[in-house]
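Enquirer: Structure file entry.tsv (TSV, C-alpha atoms and all ligand atoms) right here:
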chain	number	residue	atom	x	y	z
A	14	MET	CA	-22.14	28.02	0.61
A	15	ASN	CA	-21.49	30.67	3.30
A	16	ILE	CA	-21.66	28.03	6.01
A	17	LEU	CA	-19.18	25.82	4.17
A	18	HIS	CA	-16.90	28.75	3.49
A	19	LYS	CA	-16.76	29.68	7.16
A	20	ARG	CA	-16.19	26.11	8.33
A	21	PHE	CA	-13.39	25.49	5.85
A	22	ALA	CA	-11.74	28.85	6.52
A	23	ASP	CA	-11.72	28.14	10.27
A	24	THR	CA	-10.23	24.68	9.83
A	25	LEU	CA	-7.62	25.78	7.30
A	26	GLU	CA	-6.61	28.72	9.49
A	27	GLY	CA	-6.21	26.32	12.40
A	28	LEU	CA	-3.96	24.06	10.33
A	29	HIS	CA	-1.78	27.00	9.29
A	30	ALA	CA	-1.54	28.22	12.90
A	31	ALA	CA	-0.55	24.75	14.13
A	32	GLY	CA	2.08	24.27	11.40
A	33	THR	CA	0.29	21.12	10.25
A	34	TYR	CA	-1.02	22.42	6.93
A	35	LYS	CA	-0.07	20.08	4.05
A	36	ARG	CA	1.57	21.64	1.03
A	37	LEU	CA	1.58	19.65	-2.18
A	38	ARG	CA	5.04	19.31	-3.68
A	39	THR	CA	4.99	19.39	-7.47
A	40	ILE	CA	7.04	16.83	-9.42
A	41	ALA	CA	8.16	17.69	-12.93
A	42	ALA	CA	9.98	14.50	-13.98
A	43	PRO	CA	9.37	10.74	-13.77
A	44	MET	CA	9.41	9.08	-10.36
A	45	ALA	CA	12.84	7.48	-9.87
A	46	ALA	CA	15.66	7.46	-7.30
A	47	THR	CA	16.02	11.16	-8.08
A	48	THR	CA	13.48	13.54	-9.54
A	49	ARG	CA	12.64	17.23	-9.95
A	50	VAL	CA	10.67	18.60	-6.98
A	51	ASP	CA	9.26	22.13	-6.80
A	52	GLY	CA	11.57	23.17	-9.62
A	53	VAL	CA	14.73	21.70	-8.07
A	54	ASP	CA	16.56	18.97	-10.02
A	55	GLU	CA	18.21	15.88	-8.55
A	56	ILE	CA	16.22	15.60	-5.36
A	57	LEU	CA	16.79	12.15	-3.81
A	58	VAL	CA	13.44	10.42	-3.42
A	59	PHE	CA	13.02	8.48	-0.18
A	60	CYS	CA	9.24	8.74	0.11
A	61	SER	CA	7.74	7.00	-2.89
A	62	ASN	CA	6.28	3.50	-3.18
A	63	ASN	CA	8.43	2.89	-6.27
A	64	TYR	CA	10.08	0.00	-4.41
A	65	LEU	CA	11.50	-1.76	-7.46
A	66	GLY	CA	12.19	1.25	-9.66
A	67	LEU	CA	9.60	0.15	-12.24
A	68	ALA	CA	7.61	3.40	-12.44
A	69	ASN	CA	9.91	4.70	-15.15
A	70	HIS	CA	11.30	1.42	-16.49
A	71	PRO	CA	11.66	1.60	-20.31
A	72	LYS	CA	9.82	-1.72	-20.80
A	73	VAL	CA	6.93	-0.61	-18.58
A	74	LEU	CA	6.63	2.62	-20.58
A	75	GLU	CA	6.78	0.68	-23.86
A	76	ALA	CA	4.07	-1.69	-22.69
A	77	ALA	CA	1.83	1.24	-21.68
A	78	GLU	CA	2.42	2.95	-25.04
A	79	ALA	CA	1.73	-0.24	-26.96
A	80	GLY	CA	-1.44	-0.75	-24.90
A	81	LEU	CA	-2.54	2.80	-25.62
A	82	ARG	CA	-2.09	2.31	-29.37
A	83	ARG	CA	-3.68	-1.11	-29.44
A	84	TYR	CA	-6.68	-0.53	-27.17
A	85	GLY	CA	-7.00	3.25	-26.90
A	86	ALA	CA	-7.07	5.44	-23.82
A	87	GLY	CA	-9.84	3.69	-21.97
A	88	THR	CA	-12.67	1.17	-22.01
A	89	ALA	CA	-15.53	3.70	-22.12
A	90	SER	CA	-17.44	1.09	-20.17
A	91	VAL	CA	-17.62	-0.94	-17.02
A	92	ARG	CA	-16.34	-4.50	-17.26
A	93	PHE	CA	-19.65	-6.33	-17.73
A	94	ILE	CA	-20.98	-4.12	-20.53
A	95	CYS	CA	-18.12	-3.76	-23.00
A	96	GLY	CA	-15.13	-2.98	-20.79
A	97	THR	CA	-13.34	-6.32	-20.60
A	98	PHE	CA	-10.32	-6.15	-22.88
A	99	GLU	CA	-7.74	-8.83	-23.61
A	100	CYS	CA	-5.23	-6.95	-21.47
A	101	HIS	CA	-7.49	-7.25	-18.38
A	102	VAL	CA	-7.80	-11.01	-18.81
A	103	ALA	CA	-4.05	-11.35	-19.41
A	104	LEU	CA	-3.24	-9.20	-16.37
A	105	GLU	CA	-5.57	-11.17	-14.12
A	106	GLU	CA	-4.07	-14.48	-15.25
A	107	LYS	CA	-0.60	-13.05	-14.68
A	108	VAL	CA	-1.43	-11.89	-11.15
A	109	ALA	CA	-2.93	-15.26	-10.20
A	110	ASP	CA	0.03	-17.11	-11.68
A	111	PHE	CA	2.58	-14.81	-10.01
A	112	LEU	CA	0.99	-15.16	-6.57
A	113	GLY	CA	0.09	-18.83	-6.90
A	114	ALA	CA	-3.59	-17.95	-6.39
A	115	PRO	CA	-6.48	-19.70	-8.17
A	116	ALA	CA	-7.81	-16.50	-9.79
A	117	ALA	CA	-7.67	-12.71	-9.69
A	118	LEU	CA	-9.78	-9.70	-10.66
A	119	SER	CA	-8.47	-6.21	-11.37
A	120	PHE	CA	-9.93	-2.97	-10.03
A	121	THR	CA	-8.99	0.64	-10.71
A	122	SER	CA	-7.21	0.83	-7.35
A	123	CYS	CA	-6.65	-1.26	-4.26
A	124	TRP	CA	-8.94	1.20	-2.46
A	125	ASN	CA	-11.62	0.10	-4.92
A	126	ALA	CA	-10.69	-3.56	-4.58
A	127	ASN	CA	-11.17	-3.42	-0.79
A	128	GLU	CA	-14.46	-1.56	-1.11
A	129	GLY	CA	-15.57	-3.96	-3.82
A	130	LEU	CA	-14.63	-7.03	-1.81
A	131	LEU	CA	-15.86	-6.73	1.78
A	132	PRO	CA	-19.55	-5.96	1.09
A	133	VAL	CA	-19.69	-9.03	-1.19
A	134	LEU	CA	-18.10	-11.34	1.38
A	135	VAL	CA	-20.51	-10.80	4.27
A	136	GLU	CA	-24.20	-11.25	4.94
A	137	ASP	CA	-26.38	-10.21	7.91
A	138	GLY	CA	-24.89	-11.42	11.17
A	139	ASP	CA	-21.45	-12.22	9.76
A	140	ALA	CA	-18.40	-10.63	11.40
A	141	ILE	CA	-15.40	-8.64	10.20
A	142	VAL	CA	-12.45	-8.53	12.59
A	143	SER	CA	-9.86	-5.89	11.69
A	144	ASP	CA	-6.42	-4.81	13.00
A	145	ALA	CA	-6.58	-1.34	14.59
A	146	ASN	CA	-3.83	-0.05	12.29
A	147	ASN	CA	-5.35	-1.29	9.05
A	148	HIS	CA	-5.33	1.04	6.04
A	149	ALA	CA	-8.10	3.62	5.66
A	150	SER	CA	-9.49	1.76	2.65
A	151	ILE	CA	-10.11	-1.33	4.81
A	152	ILE	CA	-11.84	0.78	7.44
A	153	ASP	CA	-14.08	2.40	4.84
A	154	ALA	CA	-14.71	-0.94	3.11
A	155	GLY	CA	-15.82	-2.32	6.49
A	156	ARG	CA	-18.27	0.59	6.85
A	157	LEU	CA	-19.74	-0.31	3.47
A	158	ALA	CA	-20.21	-3.88	4.69
A	159	ALA	CA	-22.61	-2.56	7.35
A	160	GLN	CA	-24.60	-5.81	7.41
A	161	ALA	CA	-21.71	-7.41	9.33
A	162	THR	CA	-20.73	-6.98	12.97
A	163	ARG	CA	-17.37	-5.20	13.06
A	164	LYS	CA	-14.67	-5.73	15.68
A	165	VAL	CA	-11.30	-4.02	15.87
A	166	PHE	CA	-8.39	-5.66	17.71
A	167	ALA	CA	-5.30	-3.90	19.08
A	168	HIS	CA	-2.49	-3.72	16.52
A	169	GLN	CA	-0.80	-7.12	16.04
A	170	ASP	CA	-2.17	-8.30	19.41
A	171	MET	CA	-2.98	-11.98	18.89
A	172	ALA	CA	-4.63	-12.37	22.32
A	173	ALA	CA	-6.95	-9.47	21.47
A	174	LEU	CA	-7.71	-11.03	18.09
A	175	GLU	CA	-8.59	-14.33	19.74
A	176	GLN	CA	-10.88	-12.51	22.19
A	177	ALA	CA	-12.61	-10.78	19.29
A	178	LEU	CA	-13.05	-14.10	17.48
A	179	VAL	CA	-14.54	-15.67	20.61
A	180	ALA	CA	-16.91	-12.69	20.92
A	181	VAL	CA	-18.26	-13.32	17.40
A	182	ALA	CA	-18.27	-17.13	17.69
A	183	GLU	CA	-21.98	-17.19	16.85
A	184	SER	CA	-21.50	-15.51	13.49
A	185	GLU	CA	-21.87	-17.95	10.61
A	186	LEU	CA	-18.98	-16.37	8.72
A	187	LYS	CA	-16.01	-14.63	10.29
A	188	ILE	CA	-13.51	-12.57	8.28
A	189	VAL	CA	-10.15	-11.51	9.73
A	190	ILE	CA	-8.57	-8.71	7.70
A	191	SER	CA	-5.09	-7.25	8.02
A	192	ASP	CA	-2.54	-5.22	6.14
A	193	GLY	CA	0.33	-7.51	5.10
A	194	VAL	CA	2.75	-4.64	5.76
A	195	PHE	CA	1.46	-1.79	7.91
A	196	SER	CA	1.93	1.44	6.02
A	197	MET	CA	2.82	3.72	8.94
A	198	GLU	CA	4.85	1.28	11.10
A	199	GLY	CA	6.51	-0.80	8.38
A	200	ASP	CA	5.99	-4.01	10.36
A	201	VAL	CA	4.90	-7.29	8.78
A	202	ALA	CA	1.65	-8.91	9.91
A	203	GLN	CA	2.17	-12.15	11.85
A	204	LEU	CA	0.49	-14.16	9.14
A	205	SER	CA	1.33	-17.61	10.55
A	206	GLU	CA	-0.35	-16.69	13.83
A	207	LEU	CA	-3.26	-15.02	12.03
A	208	SER	CA	-3.72	-18.07	9.84
A	209	SER	CA	-3.61	-20.52	12.79
A	210	LEU	CA	-6.14	-18.44	14.75
A	211	CYS	CA	-8.39	-18.27	11.70
A	212	GLN	CA	-8.23	-22.03	11.26
A	213	ARG	CA	-8.92	-22.62	14.96
A	214	HIS	CA	-11.95	-20.31	14.93
A	215	GLY	CA	-13.23	-21.14	11.46
A	216	ALA	CA	-12.48	-17.67	10.09
A	217	ILE	CA	-11.34	-16.53	6.63
A	218	LEU	CA	-8.08	-14.57	6.39
A	219	VAL	CA	-7.95	-11.56	4.04
A	220	VAL	CA	-4.65	-9.71	3.62
A	221	ASP	CA	-4.19	-6.34	1.89
A	222	ASP	CA	-0.60	-6.64	0.73
A	223	SER	CA	-0.19	-3.28	-0.99
A	224	HIS	CA	3.18	-2.55	0.66
A	225	GLY	CA	4.20	-6.23	0.62
A	226	THR	CA	3.68	-7.15	-3.04
A	227	GLY	CA	6.99	-6.93	-4.89
A	228	VAL	CA	8.77	-6.16	-1.62
A	229	LEU	CA	8.68	-9.22	0.63
A	230	GLY	CA	9.84	-12.77	-0.05
A	231	ALA	CA	12.70	-13.86	-2.29
A	232	HIS	CA	10.46	-13.55	-5.37
A	233	GLY	CA	8.60	-10.47	-4.19
A	234	ARG	CA	5.34	-12.38	-3.88
A	235	GLY	CA	4.65	-10.56	-0.66
A	236	SER	CA	3.96	-11.13	2.99
A	237	ALA	CA	2.59	-14.65	2.46
A	238	GLU	CA	5.83	-15.70	0.75
A	239	HIS	CA	7.80	-14.00	3.54
A	240	CYS	CA	5.84	-15.95	6.16
A	241	GLY	CA	6.04	-19.22	4.21
A	242	LEU	CA	2.27	-19.43	3.64
A	243	PRO	CA	0.36	-20.36	0.48
A	244	ILE	CA	-2.51	-18.33	-0.92
A	245	GLY	CA	-5.33	-20.78	-0.29
A	246	ALA	CA	-6.09	-23.48	2.26
A	247	GLN	CA	-3.99	-23.32	5.48
A	248	GLY	CA	-2.64	-19.95	4.41
A	249	VAL	CA	-4.00	-16.58	3.30
A	250	ASP	CA	-7.46	-17.12	1.78
A	251	ILE	CA	-7.81	-13.84	-0.08
A	252	VAL	CA	-5.22	-11.20	-1.04
A	253	THR	CA	-5.86	-7.63	-2.19
A	254	SER	CA	-3.08	-5.40	-3.45
A	255	THR	CA	-2.15	-2.51	-5.70
A	256	PHE	CA	-0.36	-1.92	-8.99
A	257	GLY	CA	0.37	1.58	-7.69
A	258	LYS	CA	3.41	0.70	-5.58
A	259	ALA	CA	6.11	-1.88	-6.42
A	260	LEU	CA	4.30	-3.14	-9.54
A	261	GLY	CA	4.90	-0.07	-11.69
A	262	GLY	CA	3.49	2.70	-9.56
A	263	GLY	CA	0.60	3.47	-11.89
A	264	ASN	CA	-2.98	2.79	-10.96
A	265	GLY	CA	-4.94	-0.33	-10.33
A	266	GLY	CA	-5.47	-3.01	-7.76
A	267	PHE	CA	-6.72	-6.53	-7.52
A	268	VAL	CA	-8.37	-9.23	-5.48
A	269	ALA	CA	-6.81	-12.71	-5.70
A	270	GLY	CA	-8.49	-15.81	-4.30
A	271	PRO	CA	-10.87	-18.69	-5.04
A	272	VAL	CA	-12.44	-18.91	-8.49
A	273	GLU	CA	-16.01	-18.69	-7.08
A	274	LEU	CA	-15.09	-15.51	-5.20
A	275	ILE	CA	-13.84	-13.86	-8.38
A	276	ASP	CA	-17.01	-14.98	-10.13
A	277	MET	CA	-19.14	-13.48	-7.35
A	278	LEU	CA	-17.21	-10.19	-7.51
A	279	VAL	CA	-17.96	-10.00	-11.24
A	280	GLN	CA	-21.66	-10.48	-10.40
A	281	ARG	CA	-21.95	-8.27	-7.33
A	282	SER	CA	-18.99	-6.02	-6.62
A	283	ARG	CA	-20.28	-2.45	-6.92
A	284	PRO	CA	-17.12	-0.65	-8.20
A	285	HIS	CA	-16.85	-3.44	-10.76
A	286	LEU	CA	-20.48	-3.06	-11.84
A	287	PHE	CA	-20.75	0.72	-11.81
A	288	SER	CA	-17.32	2.19	-12.54
A	289	ASN	CA	-15.06	2.05	-15.59
A	290	ALA	CA	-12.52	-0.75	-15.87
A	291	LEU	CA	-8.80	-0.19	-15.38
A	292	ALA	CA	-7.49	1.79	-18.37
A	293	PRO	CA	-5.77	-0.56	-20.87
A	294	PRO	CA	-2.39	1.28	-20.89
A	295	LEU	CA	-2.25	0.89	-17.09
A	296	ALA	CA	-3.25	-2.78	-17.28
A	297	CYS	CA	-0.46	-3.35	-19.82
A	298	ALA	CA	2.05	-1.44	-17.66
A	299	ALA	CA	1.19	-3.51	-14.59
A	300	HIS	CA	1.44	-6.74	-16.60
A	301	GLU	CA	4.91	-5.80	-17.81
A	302	ALA	CA	5.98	-4.79	-14.28
A	303	ILE	CA	5.13	-8.28	-13.04
A	304	CYS	CA	7.04	-9.85	-15.98
A	305	ILE	CA	10.13	-7.79	-15.09
A	306	LEU	CA	9.83	-8.77	-11.44
A	307	GLU	CA	9.63	-12.46	-12.42
A	308	GLN	CA	12.66	-12.13	-14.70
A	309	GLU	CA	14.74	-10.00	-12.34
A	310	PRO	CA	14.31	-11.20	-8.75
A	311	GLU	CA	17.66	-9.48	-8.10
A	312	ARG	CA	15.65	-6.24	-7.87
A	313	VAL	CA	14.00	-7.62	-4.74
A	314	ALA	CA	17.39	-8.69	-3.36
A	315	ARG	CA	18.77	-5.17	-4.00
A	316	LEU	CA	15.78	-3.65	-2.24
A	317	HIS	CA	16.31	-5.93	0.78
A	318	ALA	CA	20.01	-4.98	0.91
A	319	ASN	CA	19.17	-1.27	0.72
A	320	VAL	CA	16.54	-1.62	3.45
A	321	HIS	CA	19.13	-3.31	5.67
A	322	THR	CA	21.77	-0.62	5.00
A	323	MET	CA	19.38	2.25	5.74
A	324	ARG	CA	17.95	0.72	8.91
A	325	LYS	CA	21.43	-0.07	10.23
A	326	GLY	CA	22.73	3.41	9.34
A	327	LEU	CA	19.81	5.18	11.04
A	328	ARG	CA	20.26	3.04	14.15
A	329	GLU	CA	23.97	3.89	14.26
A	330	ILE	CA	23.10	7.60	14.17
A	331	GLY	CA	20.91	6.99	17.22
A	332	TYR	CA	17.42	6.73	15.80
A	333	ASP	CA	15.12	4.12	17.29
A	334	VAL	CA	14.59	1.99	14.18
A	335	VAL	CA	13.33	-1.56	14.51
A	336	ASP	CA	14.58	-4.42	12.38
A	337	SER	CA	12.11	-5.24	9.64
A	338	PRO	CA	12.46	-6.38	6.03
A	339	THR	CA	9.93	-3.88	4.68
A	340	GLY	CA	10.69	-0.77	2.65
A	341	ILE	CA	8.94	1.49	5.18
A	342	ILE	CA	11.17	2.92	7.91
A	343	PRO	CA	9.39	5.25	10.35
A	344	ILE	CA	11.40	7.63	12.52
A	345	MET	CA	9.24	8.68	15.44
A	346	ILE	CA	9.13	12.43	16.10
A	347	GLY	CA	5.92	12.95	18.12
A	348	ASP	CA	4.77	16.44	17.24
A	349	THR	CA	3.19	16.90	13.79
A	350	ALA	CA	4.54	20.42	13.22
A	351	GLU	CA	8.04	19.24	14.16
A	352	ALA	CA	7.82	16.30	11.73
A	353	ILE	CA	6.80	18.67	8.94
A	354	ARG	CA	9.62	21.09	9.87
A	355	LEU	CA	12.18	18.27	9.76
A	356	SER	CA	10.96	17.07	6.37
A	357	ASP	CA	11.29	20.67	5.07
A	358	ARG	CA	14.89	20.75	6.35
A	359	LEU	CA	15.65	17.44	4.62
A	360	LEU	CA	14.23	18.80	1.38
A	361	ASP	CA	16.53	21.83	1.72
A	362	MET	CA	19.36	19.27	1.86
A	363	GLY	CA	18.06	17.64	-1.33
A	364	ILE	CA	16.37	14.67	0.36
A	365	PHE	CA	12.67	14.05	-0.14
A	366	VAL	CA	11.27	12.38	3.01
A	367	VAL	CA	7.78	13.21	4.19
A	368	GLY	CA	6.54	13.88	7.73
A	369	PHE	CA	3.25	12.23	8.67
A	370	GLY	CA	1.02	13.59	11.41
A	371	PHE	CA	-2.59	13.61	12.48
A	372	PRO	CA	-5.00	12.49	10.99
A	373	VAL	CA	-2.83	10.02	9.05
A	374	VAL	CA	-1.33	8.76	12.33
A	375	PRO	CA	-2.63	9.30	15.91
A	376	GLU	CA	-2.08	12.67	17.62
A	377	GLY	CA	1.39	12.73	19.24
A	378	ALA	CA	2.71	9.91	17.03
A	379	ALA	CA	3.98	12.02	14.12
A	380	ARG	CA	6.90	10.58	12.24
A	381	LEU	CA	9.18	10.87	9.25
A	382	ARG	CA	8.66	7.93	6.92
A	383	VAL	CA	11.70	6.81	4.92
A	384	GLN	CA	10.92	4.52	2.00
A	385	MET	CA	13.50	2.51	0.12
A	386	SER	CA	13.90	1.49	-3.50
A	387	SER	CA	16.02	-1.17	-5.17
A	388	GLU	CA	17.35	1.64	-7.36
A	389	HIS	CA	18.94	3.75	-4.61
A	390	SER	CA	22.73	3.64	-5.00
A	391	ALA	CA	25.08	3.17	-2.05
A	392	ALA	CA	26.18	6.80	-2.50
A	393	GLN	CA	22.58	8.06	-2.40
A	394	ILE	CA	21.88	6.14	0.80
A	395	GLU	CA	25.10	7.52	2.28
A	396	ARG	CA	24.07	11.10	1.42
A	397	THR	CA	20.71	10.57	3.06
A	398	LEU	CA	22.29	9.13	6.19
A	399	ASP	CA	24.60	12.18	6.32
A	400	ALA	CA	21.52	14.44	6.19
A	401	PHE	CA	19.92	12.48	9.03
A	402	GLN	CA	23.15	12.76	11.00
A	403	THR	CA	22.92	16.55	10.59
A	404	LEU	CA	19.28	16.54	11.75
A	405	HIS	CA	20.07	14.33	14.72
A	406	GLY	CA	22.78	16.69	15.91
A	407	ARG	CA	20.45	19.70	15.58
B	1	LIG	C1	-1.57	2.22	-0.64
B	1	LIG	C2	-2.54	1.30	-0.05
B	1	LIG	C3	-3.81	1.16	-0.59
B	1	LIG	C4	-4.31	2.01	-1.72
B	1	LIG	O1	-3.83	1.54	-2.95
B	1	LIG	P1	-4.35	2.28	-4.27
B	1	LIG	O2	-4.18	1.26	-5.34
B	1	LIG	O3	-3.51	3.49	-4.45
B	1	LIG	O4	-5.79	2.61	-4.02
B	1	LIG	C5	-4.68	0.22	-0.04
B	1	LIG	N1	-4.30	-0.53	1.00
B	1	LIG	C6	-3.09	-0.41	1.58
B	1	LIG	C7	-2.72	-1.28	2.72
B	1	LIG	C8	-2.17	0.51	1.06
B	1	LIG	O5	-0.98	0.65	1.63
Please, can you express the file's structure as structure tokens?
Ligand SMILES: *Cc1c(COP(=O)(O)O)cnc(C)c1O
Expert:
Amino acid sequence: MNILHKRFADTLEGLHAAGTYKRLRTIAAPMAATTRVDGVDEILVFCSNNYLGLANHPKVLEAAEAGLRRYGAGTASVRFICGTFECHVALEEKVADFLGAPAALSFTSCWNANEGLLPVLVEDGDAIVSDANNHASIIDAGRLAAQATRKVFAHQDMAALEQALVAVAESELKIVISDGVFSMEGDVAQLSELSSLCQRHGAILVVDDSHGTGVLGAHGRGSAEHCGLPIGAQGVDIVTSTFGKALGGGNGGFVAGPVELIDMLVQRSRPHLFSNALAPPLACAAHEAICILEQEPERVARLHANVHTMRKGLREIGYDVVDSPTGIIPIMIGDTAEAIRLSDRLLDMGIFVVGFGFPVVPEGAARLRVQMSSEHSAAQIERTLDAFQTLHGR
């Protein structure tokens, strides 16, 4: 314990000295366009994944409450013993139907879904080819699939991807895996190109669409809809995503894809076999969130309009903001301590935007990450742009 104590103390002291120590802000009200942060009311939230404002939607809350009363707090079991409830089956059918996928399987998070998926997909000598900026859960899932050869290609570099695919040409099975929307850059994966390359090289395309589901495409079906691709042949073969972002902001994730894949995951996926199923109230909440999204596609349209307004406004102030339809708008700062300082100043102005630095992004690439919701009003966006104007003129 003394060794640990000394190591941790040294590291923590270093973080404090560098100004890169993370402080946890405490929220005392539901997540919405405004909330109560560190005891202050009416803070404008521009850093949550509550893209469609469903985290505190009355119908989502009702569904969770009804689920709690009907099925209890939890399953007290993994799925294959006695943890498969009606609400899991209903949710999985809903997800498949919503995405136009053959079948789906829920997990307790998308992190879990990725870790449950990759080790089941590959055997000895197979290959996993992964974008350099893929989410940490994909990187860790790849490590768990240690029987495969792993290759990383430069972010969104299709020539590098092709090189990697040529390098693993001998592998019987090749998996290409990418975020649908990259969580730190807010760019959309070039799915048409990825899909063509996969078809040319006989590879399977897996897309983690956690920041794309509910956000991209006219119906919010995600990056595949945005890119005009089906889920299935000649498109994206397998999708993973989360219920913890646009689809209600609770917990849970899923894998959607071929029926035999889902069947195999039930047989072999380790989080599925050895860890409790998604809690029924959360399954019911996610189900209702998808129903609302299907009934109210105007939420997606509002989100797209807000994204456009914010990106345009930031550009007019002088920030280097690229055009992208996603709800993630990074503002590059460089130095981690400076990014944290700027986010503290924004919070003083009543705007909750978080600074990201190492190790979440590479050293020297710290940034503020603005995230949009369909529920931000024009006045709230204006206030935030005013705050950024103040920062810019600092
Ligand atoms: C947020 C995110 C996850 C994690 O989702 P959870 O359901 O919270 O585990 C996984 N992958 C990507 C790409 C994400 O952005």
Enquirer: Please provide as a list in words all residues within 8 Å of Leu278 (chain A), with the sequence filter that same-chain residues fewer than 3 positions apart are discarded (counting all atoms listed in the file).
Expert: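 Counting only the stated atoms, we get Gly129, Leu130, Val133, Leu274, Ile275, Arg281, Ser282 and His285 of chain A.
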Enquirer: Just C-alpha atoms for this one: save the residues we selected as a CSV table (one decimal), keeping the file's coordinate frame.
Expert:
chain,number,residue,atom,x,y,z
A,129,GLY,CA,-15.6,-4.0,-3.8
A,130,LEU,CA,-14.6,-7.0,-1.8
A,133,VAL,CA,-19.7,-9.0,-1.2
A,274,LEU,CA,-15.1,-15.5,-5.2
A,275,ILE,CA,-13.8,-13.9,-8.4
A,281,ARG,CA,-22.0,-8.3,-7.3
A,282,SER,CA,-19.0,-6.0,-6.6
A,285,HIS,CA,-16.8,-3.4,-10.8
Enquirer: Could you list as a list in words every residue that has an atom within 6 Å of (2.1, -11.6, -15.4), using the file's coordinates and counting only C-alpha atoms?
Expert: Leu104, Lys107, Val108, His300, Ile303 and Cys304 of chain A
Enquirer: Could you please extract the residues within 9 Å of ligand LIG 1 (chain B), counting all atoms listed in the file, and hand them back as a count of residues only?
Expert: 39
Enquirer: I need the residue nearest Gln308 (chain A) from this list: A:Lys325, A:Asp361, A:Ala89, A:Phe111. Use only C-alpha atoms for the distance.
Expert: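 Of A:Lys325, A:Asp361, A:Ala89, A:Phe111, the one nearest Gln308 (chain A), counting only C-alpha atoms, is A:Phe111.
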Enquirer: Figure out the distance between CA of Leu118 (chain A) and CA of Gly241 (chain A), please, to one decimal in Å.
Expert: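 For CA of Gly241 (chain A) relative to CA of Leu118 (chain A), the distance reads 23.7 Å.
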Enquirer: Which polymer residues, protein or nucleic acid, are no farther than 12 Å from (22.7, 15.1, 14.5), counting only C-alpha atoms, as a CSV table (one decimal) with C-alpha atoms, keeping the file's coordinate frame?
Expert:
chain,number,residue,atom,x,y,z
A,327,LEU,CA,19.8,5.2,11.0
A,329,GLU,CA,24.0,3.9,14.3
A,330,ILE,CA,23.1,7.6,14.2
A,331,GLY,CA,20.9,7.0,17.2
A,332,TYR,CA,17.4,6.7,15.8
A,355,LEU,CA,12.2,18.3,9.8
A,398,LEU,CA,22.3,9.1,6.2
A,399,ASP,CA,24.6,12.2,6.3
A,400,ALA,CA,21.5,14.4,6.2
A,401,PHE,CA,19.9,12.5,9.0
A,402,GLN,CA,23.2,12.8,11.0
A,403,THR,CA,22.9,16.6,10.6
A,404,LEU,CA,19.3,16.5,11.8
A,405,HIS,CA,20.1,14.3,14.7
A,406,GLY,CA,22.8,16.7,15.9
A,407,ARG,CA,20.4,19.7,15.6
Enquirer: Smallest atom-to-atom distance to Thr162 (chain A): which of A:Ser184, A:Gln176, A:Thr48, A:Ser208, using all atoms listed in the file?
Expert: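 When distances to Thr162 (chain A) are compared using all atoms listed in the file, the smallest one comes from A:Ser184.
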Enquirer: Could you jot down the CA of Ala391 (chain A) to CA of Pro338 (chain A) separation for me, Å, one decimal place?
Expert: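 Separation between CA of Ala391 (chain A) and CA of Pro338 (chain A): 17.8 Å.
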Enquirer: To box region 267-282 of chain A, take all atoms listed in the file, fit an axis-aligned box, add 3 Å on each side, and give centre and edge lengths in Å to one decimal, as lines of an AutoDock Vina configuration file.
Expert:
center_x = -14.3
center_y = -12.5
center_z = -7.8
size_x = 21.2
size_y = 18.9
size_z = 12.9
